[in-house]
Structures are given as structure tokens and as C-alpha cells.
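Here the structure comes first, spelled out in C-alpha cells, and everything after it is commentary.
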Amino acid sequence: MKASVYVITAIAVGAFTVSAMAGEATAPSQVMVNDAFAVEKSLTSTPGDVAAGRDWFANRKLGNCLACHQNADQASEPFHGEVGPTLNGAGDRWEPAQLRAIITNPKKIFGDQTIMPAFYSDRTGVRTAKKFAGKTILSAQQVEDIVAYVSTLKE
């Protein structure tokens, strides 16, 4: 009996922790791009993880950043695109708040016709894959992880 109480308690605490962490993310509709084309406030209460951001950046089924951007830090990964700007030195060119704005919703930065998807927007726009209609491509934490990673890409 005691063992099952401990298991139930552990499950309840774990569920609460996951729920509390999920509740700390800024909703996509609440992300505010300021006049300097930046999102100053982090989307989560957890700092971005550079190593996780590097993984999301290269993930062909999620961020797929390499499909459009060259990145010397990931030279071992195949098929770097040339549609978007090279991200070598991106950490020198953009502040984290600017990178956050670009990643969350580049349509607000570059215009509606940009081919770059809005990774943290639940609004359907030009060239939005049907499976992402009404959903975000990345979670708030994944955005913060990628911002942390791209910020390390210095000349």
C-alpha cells in the first residue's frame, strides 16, 4: 500500500512540475515585437540551452535551419542552404532579442512574403504547411535554445 502511495505522489508531483513549466511560456499571441524589431522578454523562465539549440538548429524534422542557412559550426552536416543569409557571425550581427523576433515570427521583421516560417506563431500565413495550421513549429523553450545557440556564432 505504501509503495503505491509513493508512486501516485511521485506521478502527481511530476505532472505538476511539467504543468508548471509549460504554464511559464509566453503564448504565441502574446509575443510582442517592439519598434526596434526585437522581442526583449524571454519566452520562458528557463534560459536557453546552447547544446540543445545546436541540436534543434540541425534537426531536419523540426527547425531545419540548415535547409536555408549556411553555418560553419555545423560543417559536418550535409546540405546547407543558400536561401537565407549565412549565420556565420550571426551572434555579432544580431542581439538575442532581435534573433528571438526573427525566429518567432520573421513575417513581422521581413514581411509576409519571406520564405522563412514563423516558428512560434499559431497563425496560418503564406506557405504554412497544413500540419502546422493553428500550431507552433517550435516550442517557446526550443526558440530560446536556438537563440542561445545562434548567439554563440561569432566571427
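Every chain in the C-alpha cells takes a letter, A first, then B, and so on in the order presented; its residues are numbered from 1, and the ligands are numbered from 1 following the presented order.
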Task: Which of range 34-114 of chain A fall in alpha helix (DSSP H), as a PyMOL selection string - done: chain A and resi 50-58+90-93+96-104+106-110
Limited to N, CA and C atoms, could you put the picked residues into a file as a PDB file, in the first residue's frame?
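Result went into again00.pdb, see below:
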```pdb
ATOM      1  N   VAL A  50      22.445  26.151 -25.020  1.00  0.00           N
ATOM      2  CA  VAL A  50      23.203  26.237 -26.270  1.00  0.00           C
ATOM      3  C   VAL A  50      23.299  24.880 -26.968  1.00  0.00           C
ATOM      4  N   ALA A  51      23.609  23.827 -26.224  1.00  0.00           N
ATOM      5  CA  ALA A  51      23.755  22.488 -26.826  1.00  0.00           C
ATOM      6  C   ALA A  51      22.424  22.006 -27.412  1.00  0.00           C
ATOM      7  N   ALA A  52      21.340  22.218 -26.696  1.00  0.00           N
ATOM      8  CA  ALA A  52      20.024  21.819 -27.221  1.00  0.00           C
ATOM      9  C   ALA A  52      19.687  22.657 -28.454  1.00  0.00           C
ATOM     10  N   GLY A  53      20.003  23.949 -28.425  1.00  0.00           N
ATOM     11  CA  GLY A  53      19.750  24.827 -29.572  1.00  0.00           C
ATOM     12  C   GLY A  53      20.500  24.380 -30.802  1.00  0.00           C
ATOM     13  N   ARG A  54      21.731  23.926 -30.610  1.00  0.00           N
ATOM     14  CA  ARG A  54      22.529  23.414 -31.730  1.00  0.00           C
ATOM     15  C   ARG A  54      21.837  22.191 -32.344  1.00  0.00           C
ATOM     16  N   ASP A  55      21.302  21.324 -31.479  1.00  0.00           N
ATOM     17  CA  ASP A  55      20.582  20.143 -31.970  1.00  0.00           C
ATOM     18  C   ASP A  55      19.302  20.524 -32.711  1.00  0.00           C
ATOM     19  N   TRP A  56      18.517  21.464 -32.153  1.00  0.00           N
ATOM     20  CA  TRP A  56      17.274  21.898 -32.825  1.00  0.00           C
ATOM     21  C   TRP A  56      17.617  22.526 -34.168  1.00  0.00           C
ATOM     22  N   PHE A  57      18.664  23.317 -34.211  1.00  0.00           N
ATOM     23  CA  PHE A  57      19.092  24.003 -35.425  1.00  0.00           C
ATOM     24  C   PHE A  57      19.335  23.001 -36.561  1.00  0.00           C
ATOM     25  N   ALA A  58      19.964  21.885 -36.231  1.00  0.00           N
ATOM     26  CA  ALA A  58      20.321  20.887 -37.242  1.00  0.00           C
ATOM     27  C   ALA A  58      19.215  19.876 -37.515  1.00  0.00           C
ATOM     28  N   ALA A  90      26.470  35.420 -36.858  1.00  0.00           N
ATOM     29  CA  ALA A  90      25.136  35.950 -36.523  1.00  0.00           C
ATOM     30  C   ALA A  90      25.090  36.521 -35.107  1.00  0.00           C
ATOM     31  N   GLY A  91      25.858  35.936 -34.195  1.00  0.00           N
ATOM     32  CA  GLY A  91      25.891  36.436 -32.822  1.00  0.00           C
ATOM     33  C   GLY A  91      26.529  37.807 -32.711  1.00  0.00           C
ATOM     34  N   ASP A  92      27.314  38.190 -33.714  1.00  0.00           N
ATOM     35  CA  ASP A  92      27.890  39.542 -33.764  1.00  0.00           C
ATOM     36  C   ASP A  92      26.937  40.532 -34.435  1.00  0.00           C
ATOM     37  N   ARG A  93      26.114  40.038 -35.357  1.00  0.00           N
ATOM     38  CA  ARG A  93      25.232  40.925 -36.127  1.00  0.00           C
ATOM     39  C   ARG A  93      23.923  41.245 -35.423  1.00  0.00           C
ATOM     40  N   PRO A  96      20.386  38.972 -28.945  1.00  0.00           N
ATOM     41  CA  PRO A  96      19.443  37.878 -28.678  1.00  0.00           C
ATOM     42  C   PRO A  96      17.976  38.285 -28.851  1.00  0.00           C
ATOM     43  N   ALA A  97      17.612  39.498 -28.462  1.00  0.00           N
ATOM     44  CA  ALA A  97      16.216  39.945 -28.604  1.00  0.00           C
ATOM     45  C   ALA A  97      15.820  40.052 -30.074  1.00  0.00           C
ATOM     46  N   GLN A  98      16.764  40.438 -30.936  1.00  0.00           N
ATOM     47  CA  GLN A  98      16.480  40.501 -32.368  1.00  0.00           C
ATOM     48  C   GLN A  98      16.363  39.089 -32.960  1.00  0.00           C
ATOM     49  N   LEU A  99      17.251  38.200 -32.542  1.00  0.00           N
ATOM     50  CA  LEU A  99      17.171  36.809 -33.001  1.00  0.00           C
ATOM     51  C   LEU A  99      15.844  36.179 -32.577  1.00  0.00           C
ATOM     52  N   ARG A 100      15.421  36.482 -31.352  1.00  0.00           N
ATOM     53  CA  ARG A 100      14.142  35.947 -30.848  1.00  0.00           C
ATOM     54  C   ARG A 100      12.996  36.422 -31.743  1.00  0.00           C
ATOM     55  N   ALA A 101      13.017  37.682 -32.151  1.00  0.00           N
ATOM     56  CA  ALA A 101      11.960  38.210 -33.033  1.00  0.00           C
ATOM     57  C   ALA A 101      12.002  37.539 -34.400  1.00  0.00           C
ATOM     58  N   ILE A 102      13.202  37.371 -34.937  1.00  0.00           N
ATOM     59  CA  ILE A 102      13.350  36.750 -36.252  1.00  0.00           C
ATOM     60  C   ILE A 102      12.852  35.309 -36.226  1.00  0.00           C
ATOM     61  N   ILE A 103      13.185  34.574 -35.182  1.00  0.00           N
ATOM     62  CA  ILE A 103      12.810  33.161 -35.107  1.00  0.00           C
ATOM     63  C   ILE A 103      11.325  32.997 -34.797  1.00  0.00           C
ATOM     64  N   THR A 104      10.799  33.798 -33.868  1.00  0.00           N
ATOM     65  CA  THR A 104       9.391  33.619 -33.507  1.00  0.00           C
ATOM     66  C   THR A 104       8.479  33.945 -34.680  1.00  0.00           C
ATOM     67  N   PRO A 106       9.344  35.818 -38.317  1.00  0.00           N
ATOM     68  CA  PRO A 106      10.080  36.640 -39.271  1.00  0.00           C
ATOM     69  C   PRO A 106       9.176  37.444 -40.202  1.00  0.00           C
ATOM     70  N   LYS A 107       7.913  37.061 -40.295  1.00  0.00           N
ATOM     71  CA  LYS A 107       6.970  37.815 -41.137  1.00  0.00           C
ATOM     72  C   LYS A 107       6.852  39.256 -40.632  1.00  0.00           C
ATOM     73  N   LYS A 108       6.939  39.432 -39.307  1.00  0.00           N
ATOM     74  CA  LYS A 108       6.859  40.777 -38.731  1.00  0.00           C
ATOM     75  C   LYS A 108       8.146  41.572 -38.957  1.00  0.00           C
ATOM     76  N   ILE A 109       9.235  40.881 -39.236  1.00  0.00           N
ATOM     77  CA  ILE A 109      10.518  41.536 -39.441  1.00  0.00           C
ATOM     78  C   ILE A 109      10.782  41.777 -40.922  1.00  0.00           C
ATOM     79  N   PHE A 110      10.597  40.740 -41.733  1.00  0.00           N
ATOM     80  CA  PHE A 110      10.960  40.790 -43.145  1.00  0.00           C
ATOM     81  C   PHE A 110       9.772  40.940 -44.090  1.00  0.00           C
TER      82      PHE A 110
END
```
Taking a cut-off of 10 Å and counting only C-alpha atoms, can you build a table that, for each residue of range 49-96 of chain A near range 116-119 of chain A, reports the nearest atom pair and how far apart they are in Å (one decimal), sorted by chain then residue number, as CSV?
```
residue,atom,partner,partner_atom,distance
A:Leu62,CA,A:Phe119,CA,9.4
A:Gly63,CA,A:Phe119,CA,7.8
A:Cys65,CA,A:Met116,CA,9.3
A:Cys68,CA,A:Met116,CA,8.4
A:Val83,CA,A:Met116,CA,9.2
A:Gly84,CA,A:Met116,CA,8.0
```
Open item on the list: For range 69-71 of chain A, find every residue with an atom within 7 Å (counting only C-alpha atoms), except residues of its own chain fewer than 5 positions away, and show them as a PyMOL selection string.
Closed with: chain A and resi 80-88
Residue selection dump (N, CA and C atoms) as a PDB file, in the first residue's frame:
```
ATOM      1  N   HIS A  80      23.729  22.396 -46.686  1.00  0.00           N
ATOM      2  CA  HIS A  80      23.449  23.744 -46.178  1.00  0.00           C
ATOM      3  C   HIS A  80      22.816  24.558 -47.306  1.00  0.00           C
ATOM      4  N   GLY A  81      21.749  25.257 -46.978  1.00  0.00           N
ATOM      5  CA  GLY A  81      21.052  26.049 -47.980  1.00  0.00           C
ATOM      6  C   GLY A  81      21.696  27.401 -48.200  1.00  0.00           C
ATOM      7  N   GLU A  82      21.218  28.076 -49.238  1.00  0.00           N
ATOM      8  CA  GLU A  82      21.723  29.408 -49.574  1.00  0.00           C
ATOM      9  C   GLU A  82      20.589  30.406 -49.767  1.00  0.00           C
ATOM     10  N   VAL A  83      19.380  30.035 -49.340  1.00  0.00           N
ATOM     11  CA  VAL A  83      18.225  30.915 -49.496  1.00  0.00           C
ATOM     12  C   VAL A  83      18.298  32.064 -48.499  1.00  0.00           C
ATOM     13  N   GLY A  84      18.628  31.732 -47.258  1.00  0.00           N
ATOM     14  CA  GLY A  84      18.751  32.742 -46.212  1.00  0.00           C
ATOM     15  C   GLY A  84      20.202  33.166 -46.053  1.00  0.00           C
ATOM     16  N   PRO A  85      20.432  34.194 -45.260  1.00  0.00           N
ATOM     17  CA  PRO A  85      21.807  34.652 -45.059  1.00  0.00           C
ATOM     18  C   PRO A  85      22.630  33.612 -44.296  1.00  0.00           C
ATOM     19  N   THR A  86      23.939  33.637 -44.506  1.00  0.00           N
ATOM     20  CA  THR A  86      24.804  32.772 -43.722  1.00  0.00           C
ATOM     21  C   THR A  86      24.674  33.173 -42.252  1.00  0.00           C
ATOM     22  N   LEU A  87      24.739  32.200 -41.388  1.00  0.00           N
ATOM     23  CA  LEU A  87      24.636  32.510 -39.966  1.00  0.00           C
ATOM     24  C   LEU A  87      25.993  32.514 -39.281  1.00  0.00           C
ATOM     25  N   ASN A  88      27.055  32.413 -40.077  1.00  0.00           N
ATOM     26  CA  ASN A  88      28.393  32.610 -39.529  1.00  0.00           C
ATOM     27  C   ASN A  88      28.468  34.063 -39.042  1.00  0.00           C
TER      28      ASN A  88
END
```
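The two atoms in question, CA of Val143 in chain A and CA of Asp49 in chain A, are spaced 10.0 Å apart.
Between Pro47 in chain A and the candidates A:Ile115, A:Leu153, A:Ile137, A:Ala25, the tightest atom-to-atom separation, counting only C-alpha atoms, involves A:Ala25.
Every protein, DNA or RNA residue with an atom at most 8 Å from Leu43 in chain A, where only C-alpha atoms count and chain neighbours fewer than 2 positions away do not, is listed here: Ala25, Thr26, Val31, Lys41, Ser45, Ala140, Gln141, Val143 and Glu144 of chain A.
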TODO: Identify, on the basis of only C-alpha atoms, every residue whose closest approach to Ala148 in chain A does not exceed 6 Å; exclude the query and any residue fewer than 3 positions from it along the same chain; express the result as an NGL selection string.
DONE: :A and (48 or 50 or 145 or 151)
Prev. selection, C-alpha atoms, output as a short mmCIF file (atom, residue, chain, number, x, y, z; two decimals), in the first residue's frame:
```cif
data_model
loop_
_atom_site.label_atom_id
_atom_site.label_comp_id
_atom_site.auth_asym_id
_atom_site.auth_seq_id
_atom_site.Cartn_x
_atom_site.Cartn_y
_atom_site.Cartn_z
CA GLY A 48 18.20 28.85 -23.47
CA VAL A 50 23.20 26.24 -26.27
CA ASP A 145 17.57 27.29 -27.04
CA SER A 151 24.09 33.99 -30.27
#
```
TODO: Would you work out the distance separating CA of Leu138 in chain A from CA of Ala67 in chain A, expressed in Å to one decimal?
DONE: 15.9 Å
